[in-house]
file protein_17.csv (CSV, C-alpha atoms)
chain,number,residue,atom,x,y,z
I,1,PHE,CA,-1.5,1.7,8.8
I,2,LEU,CA,-0.2,-1.8,8.3
I,3,PRO,CA,3.5,-1.6,7.9
I,4,GLY,CA,6.0,-3.8,6.2
I,5,THR,CA,7.1,-7.0,7.8
I,6,LYS,CA,9.8,-9.6,7.6
I,7,ASN,CA,7.3,-12.5,7.5
I,8,THR,CA,3.9,-11.6,6.1
I,9,MET,CA,2.2,-14.9,6.8
I,10,ASP,CA,3.3,-15.3,10.4
I,11,ASP,CA,2.5,-11.7,11.2
I,12,LEU,CA,-1.0,-12.1,9.6
I,13,LYS,CA,-1.5,-15.2,11.8
I,14,TRP,CA,-0.5,-13.1,14.8
I,15,LEU,CA,-3.0,-10.3,13.8
I,16,ARG,CA,-5.7,-13.0,13.7
I,17,GLU,CA,-4.8,-14.6,17.0
I,18,SER,CA,-4.5,-11.2,18.8
I,19,GLY,CA,-7.8,-9.9,17.6
I,20,MET,CA,-6.2,-7.1,15.6
I,21,GLU,CA,-7.6,-8.4,12.3
I,22,ALA,CA,-11.2,-8.1,13.6
I,23,LEU,CA,-10.4,-4.5,14.7
I,24,ILE,CA,-9.0,-3.7,11.3
I,25,LEU,CA,-12.1,-5.1,9.6
I,26,LYS,CA,-14.4,-3.2,12.0
I,27,ALA,CA,-12.5,0.1,11.3
I,28,ALA,CA,-12.7,-0.5,7.5
I,29,ALA,CA,-16.5,-1.2,7.8
I,30,SER,CA,-16.9,2.2,9.6
I,31,GLY,CA,-15.1,4.0,6.7
I,32,THR,CA,-11.8,4.5,8.4
I,33,LEU,CA,-8.8,4.9,6.0
I,34,ILE,CA,-6.7,1.7,5.9
I,35,PHE,CA,-3.3,1.8,4.3
I,36,GLY,CA,-0.8,-1.1,3.9
I,37,ILE,CA,2.8,-0.8,3.0
I,38,CYS,CA,4.6,-3.9,1.5
I,39,GLY,CA,3.7,-6.8,3.8
I,40,GLY,CA,0.8,-4.8,5.1
I,41,TYR,CA,-0.4,-4.5,1.5
I,42,GLN,CA,-0.1,-8.2,1.0
I,43,MET,CA,-2.1,-8.9,4.1
I,44,LEU,CA,-4.9,-6.7,2.9
I,45,GLY,CA,-5.5,-9.0,-0.1
I,46,GLU,CA,-7.6,-12.1,-0.5
I,47,ASN,CA,-5.0,-14.8,-0.6
I,48,LEU,CA,-1.4,-15.4,0.2
I,49,SER,CA,0.4,-18.4,-1.5
I,50,ASP,CA,4.0,-19.6,-0.7
I,51,PRO,CA,4.6,-22.5,-3.1
I,52,HIS,CA,8.4,-22.3,-2.6
I,53,GLY,CA,8.4,-22.2,1.2
I,54,VAL,CA,10.2,-18.8,1.4
I,55,GLU,CA,8.0,-17.7,4.4
I,56,ALA,CA,5.7,-20.2,6.0
I,57,GLY,CA,4.8,-22.4,3.0
I,58,GLY,CA,1.3,-23.2,1.9
I,59,THR,CA,-1.5,-20.8,1.4
I,60,MET,CA,-3.7,-18.7,3.7
I,61,ARG,CA,-6.6,-16.3,3.4
I,62,GLY,CA,-5.7,-12.6,3.6
I,63,ILE,CA,-7.7,-10.0,5.4
I,64,GLY,CA,-9.8,-9.6,2.2
I,65,LEU,CA,-10.1,-5.8,2.0
I,66,LEU,CA,-8.4,-5.6,-1.4
I,67,PRO,CA,-9.2,-7.8,-4.3
I,68,VAL,CA,-5.6,-8.9,-4.9
I,69,ASP,CA,-3.6,-12.2,-4.4
I,70,THR,CA,0.1,-12.5,-3.6
I,71,VAL,CA,2.3,-15.4,-4.6
I,72,PHE,CA,5.7,-15.4,-2.8
I,73,ALA,CA,8.6,-15.9,-5.2
I,74,GLU,CA,12.1,-17.4,-4.7
I,75,HIS,CA,13.8,-14.1,-5.5
I,76,LYS,CA,13.5,-10.8,-3.5
I,77,THR,CA,12.7,-7.5,-5.2
I,78,ARG,CA,15.1,-4.8,-4.0
I,79,THR,CA,15.1,-1.5,-5.8
I,80,GLN,CA,14.9,2.3,-5.6
I,81,VAL,CA,11.8,3.6,-7.4
I,82,CYS,CA,10.1,6.8,-8.3
I,83,GLY,CA,6.6,7.2,-9.4
I,84,LYS,CA,3.3,9.1,-9.3
I,85,PHE,CA,-0.2,8.5,-8.0
I,86,LEU,CA,-2.8,7.5,-10.5
I,87,GLU,CA,-6.5,8.6,-10.4
I,88,LEU,CA,-8.0,7.9,-7.0
I,89,ASP,CA,-11.3,8.2,-5.3
I,90,GLU,CA,-12.7,11.7,-5.0
I,91,GLU,CA,-11.4,12.1,-1.5
I,92,PHE,CA,-7.8,11.7,-2.6
I,93,ALA,CA,-8.2,13.1,-6.1
I,94,PRO,CA,-5.6,15.8,-5.3
I,95,LEU,CA,-3.0,13.1,-5.1
I,96,LYS,CA,-3.3,12.4,-8.9
I,97,ASN,CA,0.1,12.8,-10.6
I,98,VAL,CA,1.8,13.8,-7.3
I,99,GLU,CA,5.3,12.3,-7.5
I,100,PHE,CA,7.1,10.3,-4.9
I,101,THR,CA,10.3,8.3,-4.4
I,102,GLY,CA,10.9,5.3,-2.3
I,103,TYR,CA,12.1,1.7,-2.4
I,104,GLU,CA,10.7,-1.8,-2.8
I,105,ILE,CA,12.1,-4.7,-0.8
I,106,HIS,CA,9.7,-7.7,-0.8
I,107,MET,CA,9.2,-11.3,-1.8
I,108,GLY,CA,6.4,-12.1,-4.1
I,109,VAL,CA,4.1,-10.7,-6.8
I,110,THR,CA,0.7,-9.3,-6.2
I,111,THR,CA,-2.0,-9.4,-8.9
I,112,LEU,CA,-5.1,-7.3,-9.0
I,113,HIS,CA,-8.6,-8.7,-9.5
I,114,GLU,CA,-11.7,-7.1,-10.9
I,115,GLY,CA,-12.8,-4.4,-8.6
I,116,ALA,CA,-9.4,-3.1,-7.6
I,117,SER,CA,-7.6,-0.2,-9.2
I,118,PRO,CA,-3.9,0.4,-9.3
I,119,LEU,CA,-2.7,3.0,-6.9
I,120,THR,CA,0.5,4.3,-8.5
I,121,ALA,CA,2.7,4.0,-11.6
I,122,ILE,CA,6.4,3.4,-10.7
I,123,ARG,CA,9.7,2.9,-12.4
I,124,ASP,CA,13.0,1.4,-11.2
I,125,HIS,CA,15.7,4.1,-11.1
I,126,ALA,CA,18.5,1.7,-12.1
I,127,THR,CA,17.1,-0.5,-14.8
I,128,THR,CA,14.4,1.2,-16.8
I,129,THR,CA,12.5,4.3,-17.8
I,130,GLN,CA,9.4,2.1,-18.4
I,131,GLU,CA,6.6,2.5,-15.8
I,132,LYS,CA,4.6,-0.3,-14.2
I,133,GLN,CA,1.5,-0.2,-12.0
I,134,ASP,CA,1.9,-0.8,-8.3
I,135,GLY,CA,-0.5,-1.2,-5.4
I,136,ALA,CA,-4.2,-1.2,-5.3
I,137,TYR,CA,-7.2,0.6,-3.7
I,138,ARG,CA,-10.8,0.1,-3.1
I,139,SER,CA,-13.3,1.8,-0.8
I,140,ARG,CA,-10.8,3.8,1.4
I,141,VAL,CA,-8.4,0.8,1.6
I,142,TYR,CA,-5.0,1.4,-0.1
I,143,GLY,CA,-1.9,-0.7,-0.5
I,144,THR,CA,1.5,-0.3,-2.1
I,145,TYR,CA,4.9,-2.1,-2.2
I,146,VAL,CA,6.7,1.3,-2.0
I,147,HIS,CA,8.4,2.1,1.4
I,148,GLY,CA,8.8,5.9,1.8
I,149,VAL,CA,5.7,6.7,-0.4
I,150,PHE,CA,4.7,9.5,2.1
I,151,ASP,CA,8.2,11.0,2.5
I,152,LYS,CA,8.0,13.7,-0.1
I,153,GLU,CA,6.4,16.9,1.1
I,154,GLY,CA,3.8,17.0,-1.8
I,155,VAL,CA,2.4,13.6,-0.9
I,156,ALA,CA,2.2,14.2,2.8
I,157,GLU,CA,0.6,17.6,2.2
I,158,ALA,CA,-2.0,16.2,-0.2
I,159,VAL,CA,-3.0,13.4,2.2
I,160,ILE,CA,-3.2,15.8,5.2
I,161,ARG,CA,-5.3,18.2,3.2
I,162,ALA,CA,-7.7,15.4,2.1
I,163,LEU,CA,-8.1,14.1,5.6
I,164,GLY,CA,-8.6,17.6,6.9
I,165,ARG,CA,-11.4,18.3,4.4
I,166,LYS,CA,-13.1,15.0,5.4
I,167,LYS,CA,-12.9,16.1,9.1
I,168,GLY,CA,-14.1,19.7,8.3
I,169,ILE,CA,-10.7,21.2,9.2
I,170,ASP,CA,-9.5,24.2,7.1
I,171,THR,CA,-6.0,23.4,5.8
I,172,THR,CA,-5.6,26.5,3.6
I,173,ASP,CA,-2.9,28.1,5.6
I,174,MET,CA,-1.1,24.8,6.3
I,175,LYS,CA,2.5,24.8,5.4
I,176,GLY,CA,4.5,21.6,4.7
I,177,VAL,CA,8.0,20.9,6.0
I,178,ASP,CA,10.6,19.1,3.9
I,179,PHE,CA,12.8,17.3,6.3
call {"tool": "encode", "arguments": {"input": "protein_17.csv", "output": "structure tokens"}}
result
Amino acid sequence: FLPGTKNTMDDLKWLRESGMEALILKAAASGTLIFGICGGYQMLGENLSDPHGVEAGGTMRGIGLLPVDTVFAEHKTRTQVCGKFLELDEEFAPLKNVEFTGYEIHMGVTTLHEGASPLTAIRDHATTTQEKQDGAYRSRVYGTYVHGVFDKEGVAEAVIRALGRKKGIDTTDMKGVDF
């Protein structure tokens, strides 16, 4: 998991300098599930651009595991959202249409390129009933802007069951806990 961050570009630079980026790439190449939330999602993309200097300024190459680009904007998105997962790879197919709630708090807009599929459909609680696509996935690499995406019991349960199946663990008697 790559979590959110206060400064995506500086933290990505640190990942590179510390050797963590190489470890993430190695894990992804071996088929390990990689999931980025917010700034972590932005880092997983191909390019980060900061034309207004809201973070570090300039542009830099992302980790390159998702075919997306992020351009940092002068305004910050801060909103409560709800949504559902779209159709995913076979491994996480049980997540399709599972609903979640969470929030977005980020600078920038991320656009998908060919080869990426949107992860979720979300809507802002306060301003609209219209859905928009969020996040991306490709080859066991997933990213979303939504903090709290795993908080609902149904999401956590579907993810654990999918991972259990992959590891050959019987999860039939597993019970979720709603904190």
call {"tool": "closest_residue", "arguments": {"input": "protein_17.csv", "among": "I:Val68, I:Leu86, I:Ala56, I:Leu33", "to": "Met9 (chain I)", "atoms": "all atoms listed in the file"}}
result
I:Ala56
call {"tool": "atom_distance", "arguments": {"input": "protein_17.csv", "atom1": "CA of Gly164 (chain I)", "atom2": "CA of Leu25 (chain I)"}}
result
23.1 Å
call {"tool": "atom_distance", "arguments": {"input": "protein_17.csv", "atom1": "CA of Tyr103 (chain I)", "atom2": "CA of Arg61 (chain I)"}}
result
26.6 Å
call {"tool": "residues_around", "arguments": {"input": "protein_17.csv", "residues": "Ala136 (chain I)", "least_positions_apart": "5", "cutoff": "7 Å", "atoms": "all atoms listed in the file", "output": "list in words"}}
result
Ala116, Ser117, Pro118, Leu119, Tyr142, Gly143 and Thr144 of chain I
call {"tool": "write_last_selection", "arguments": {"input": "protein_17.csv", "atoms": "C-alpha atoms", "output": "mmCIF file, in the frame of the given file"}}
result
data_model
loop_
_atom_site.group_PDB
_atom_site.id
_atom_site.type_symbol
_atom_site.label_atom_id
_atom_site.label_comp_id
_atom_site.auth_asym_id
_atom_site.auth_seq_id
_atom_site.Cartn_x
_atom_site.Cartn_y
_atom_site.Cartn_z
ATOM 1 C CA ALA I 116 -9.400 -3.100 -7.600
ATOM 2 C CA SER I 117 -7.600 -0.200 -9.200
ATOM 3 C CA PRO I 118 -3.900 0.400 -9.300
ATOM 4 C CA LEU I 119 -2.700 3.000 -6.900
ATOM 5 C CA TYR I 142 -5.000 1.400 -0.100
ATOM 6 C CA GLY I 143 -1.900 -0.700 -0.500
ATOM 7 C CA THR I 144 1.500 -0.300 -2.100
#
call {"tool": "atom_distance", "arguments": {"input": "protein_17.csv", "atom1": "CA of Lys96 (chain I)", "atom2": "CA of Thr111 (chain I)"}}
result
21.8 Å
call {"tool": "residues_around", "arguments": {"input": "protein_17.csv", "residues": "Ile122 (chain I)", "least_positions_apart": "5", "cutoff": "10 Å", "atoms": "all atoms listed in the file", "output": "CSV table (one decimal) with C-alpha atoms, in the frame of the given file"}}
result
chain,number,residue,atom,x,y,z
I,80,GLN,CA,14.9,2.3,-5.6
I,81,VAL,CA,11.8,3.6,-7.4
I,82,CYS,CA,10.1,6.8,-8.3
I,83,GLY,CA,6.6,7.2,-9.4
I,84,LYS,CA,3.3,9.1,-9.3
I,85,PHE,CA,-0.2,8.5,-8.0
I,99,GLU,CA,5.3,12.3,-7.5
I,100,PHE,CA,7.1,10.3,-4.9
I,101,THR,CA,10.3,8.3,-4.4
I,102,GLY,CA,10.9,5.3,-2.3
I,129,THR,CA,12.5,4.3,-17.8
I,130,GLN,CA,9.4,2.1,-18.4
I,131,GLU,CA,6.6,2.5,-15.8
I,132,LYS,CA,4.6,-0.3,-14.2
I,133,GLN,CA,1.5,-0.2,-12.0
I,134,ASP,CA,1.9,-0.8,-8.3
I,135,GLY,CA,-0.5,-1.2,-5.4
I,146,VAL,CA,6.7,1.3,-2.0
call {"tool": "residues_around", "arguments": {"input": "protein_17.csv", "residues": "Ile105 (chain I)", "least_positions_apart": "3", "cutoff": "8 Å", "atoms": "only C-alpha atoms", "output": "compact mmCIF listing (two decimals) with C-alpha atoms, in the coordinates of the input"}}
result
# COMPACT_ATOMS: atom_id res chain seq x y z
CA CYS I 38 4.60 -3.90 1.50
CA LYS I 76 13.50 -10.80 -3.50
CA THR I 77 12.70 -7.50 -5.20
CA ARG I 78 15.10 -4.80 -4.00
CA THR I 79 15.10 -1.50 -5.80
CA TYR I 145 4.90 -2.10 -2.20
call {"tool": "residues_around", "arguments": {"input": "protein_17.csv", "residues": "Ile34 (chain I)", "least_positions_apart": "6", "cutoff": "7 Å", "atoms": "all atoms listed in the file", "output": "ChimeraX atom specification"}}
result
/I:1,28,140-142
call {"tool": "closest_residue", "arguments": {"input": "protein_17.csv", "among": "I:Val71, I:Leu95, I:Met174, I:Ile63", "to": "Val149 (chain I)", "atoms": "all atoms listed in the file"}}
result
I:Leu95
call {"tool": "closest_residue", "arguments": {"input": "protein_17.csv", "among": "I:Ser139, I:Val109, I:Asp124, I:Thr8", "to": "Ala29 (chain I)", "atoms": "all atoms listed in the file"}}
result
I:Ser139
call {"tool": "closest_residue", "arguments": {"input": "protein_17.csv", "among": "I:Glu114, I:Leu88, I:Gly168, I:Leu65", "to": "Lys26 (chain I)", "atoms": "only C-alpha atoms"}}
result
I:Leu65
call {"tool": "closest_residue", "arguments": {"input": "protein_17.csv", "among": "I:Thr5, I:Val54, I:Gly154, I:Lys166", "to": "Gly31 (chain I)", "atoms": "all atoms listed in the file"}}
result
I:Lys166
call {"tool": "decode", "arguments": {"input": "protein_17.csv", "residues": "region 99-146 of chain I", "atoms": "C-alpha atoms", "output": "PDB file, in the first residue's frame"}}
result
ATOM      1  CA  GLU I  99     -20.454   0.261  -2.287  1.00  0.00           C
ATOM      2  CA  PHE I 100     -18.128   2.391  -0.180  1.00  0.00           C
ATOM      3  CA  THR I 101     -17.902   5.823   1.387  1.00  0.00           C
ATOM      4  CA  GLY I 102     -14.877   8.000   1.959  1.00  0.00           C
ATOM      5  CA  TYR I 103     -13.399  11.370   1.193  1.00  0.00           C
ATOM      6  CA  GLU I 104     -11.138  13.082  -1.302  1.00  0.00           C
ATOM      7  CA  ILE I 105      -8.512  15.622  -0.257  1.00  0.00           C
ATOM      8  CA  HIS I 106      -5.950  16.244  -2.975  1.00  0.00           C
ATOM      9  CA  MET I 107      -4.380  18.702  -5.352  1.00  0.00           C
ATOM     10  CA  GLY I 108      -4.510  17.821  -8.994  1.00  0.00           C
ATOM     11  CA  VAL I 109      -6.325  15.914 -11.658  1.00  0.00           C
ATOM     12  CA  THR I 110      -5.326  12.469 -12.864  1.00  0.00           C
ATOM     13  CA  THR I 111      -6.157  11.319 -16.392  1.00  0.00           C
ATOM     14  CA  LEU I 112      -6.179   7.744 -17.632  1.00  0.00           C
ATOM     15  CA  HIS I 113      -4.363   6.628 -20.758  1.00  0.00           C
ATOM     16  CA  GLU I 114      -5.086   3.704 -22.997  1.00  0.00           C
ATOM     17  CA  GLY I 115      -4.512   0.463 -21.116  1.00  0.00           C
ATOM     18  CA  ALA I 116      -5.907   1.676 -17.805  1.00  0.00           C
ATOM     19  CA  SER I 117      -9.410   1.027 -16.591  1.00  0.00           C
ATOM     20  CA  PRO I 118     -11.279   3.136 -14.027  1.00  0.00           C
ATOM     21  CA  LEU I 119     -11.512   1.544 -10.585  1.00  0.00           C
ATOM     22  CA  THR I 120     -14.681   3.105  -9.188  1.00  0.00           C
ATOM     23  CA  ALA I 121     -17.623   5.369  -9.887  1.00  0.00           C
ATOM     24  CA  ILE I 122     -18.074   8.038  -7.208  1.00  0.00           C
ATOM     25  CA  ARG I 123     -20.273  10.997  -6.440  1.00  0.00           C
ATOM     26  CA  ASP I 124     -19.864  13.965  -4.139  1.00  0.00           C
ATOM     27  CA  HIS I 125     -22.391  13.828  -1.293  1.00  0.00           C
ATOM     28  CA  ALA I 126     -22.893  17.574  -1.095  1.00  0.00           C
ATOM     29  CA  THR I 127     -23.074  18.788  -4.667  1.00  0.00           C
ATOM     30  CA  THR I 128     -24.424  16.209  -7.077  1.00  0.00           C
ATOM     31  CA  THR I 129     -26.098  12.919  -7.750  1.00  0.00           C
ATOM     32  CA  GLN I 130     -24.038  12.521 -10.926  1.00  0.00           C
ATOM     33  CA  GLU I 131     -21.312   9.870 -10.854  1.00  0.00           C
ATOM     34  CA  LYS I 132     -17.783  10.289 -12.159  1.00  0.00           C
ATOM     35  CA  GLN I 133     -15.055   7.719 -12.636  1.00  0.00           C
ATOM     36  CA  ASP I 134     -12.209   7.583 -10.152  1.00  0.00           C
ATOM     37  CA  GLY I 135      -8.967   5.705  -9.912  1.00  0.00           C
ATOM     38  CA  ALA I 136      -7.369   3.201 -12.222  1.00  0.00           C
ATOM     39  CA  TYR I 137      -6.137  -0.358 -12.327  1.00  0.00           C
ATOM     40  CA  ARG I 138      -3.921  -2.537 -14.468  1.00  0.00           C
ATOM     41  CA  SER I 139      -2.277  -5.887 -13.763  1.00  0.00           C
ATOM     42  CA  ARG I 140      -2.773  -6.096  -9.961  1.00  0.00           C
ATOM     43  CA  VAL I 141      -1.928  -2.407  -9.511  1.00  0.00           C
ATOM     44  CA  TYR I 142      -4.796  -0.258  -8.222  1.00  0.00           C
ATOM     45  CA  GLY I 143      -5.121   3.401  -7.329  1.00  0.00           C
ATOM     46  CA  THR I 144      -7.843   5.734  -6.074  1.00  0.00           C
ATOM     47  CA  TYR I 145      -8.233   9.235  -4.672  1.00  0.00           C
ATOM     48  CA  VAL I 146     -10.719   7.972  -2.050  1.00  0.00           C
TER      49      VAL I 146
END
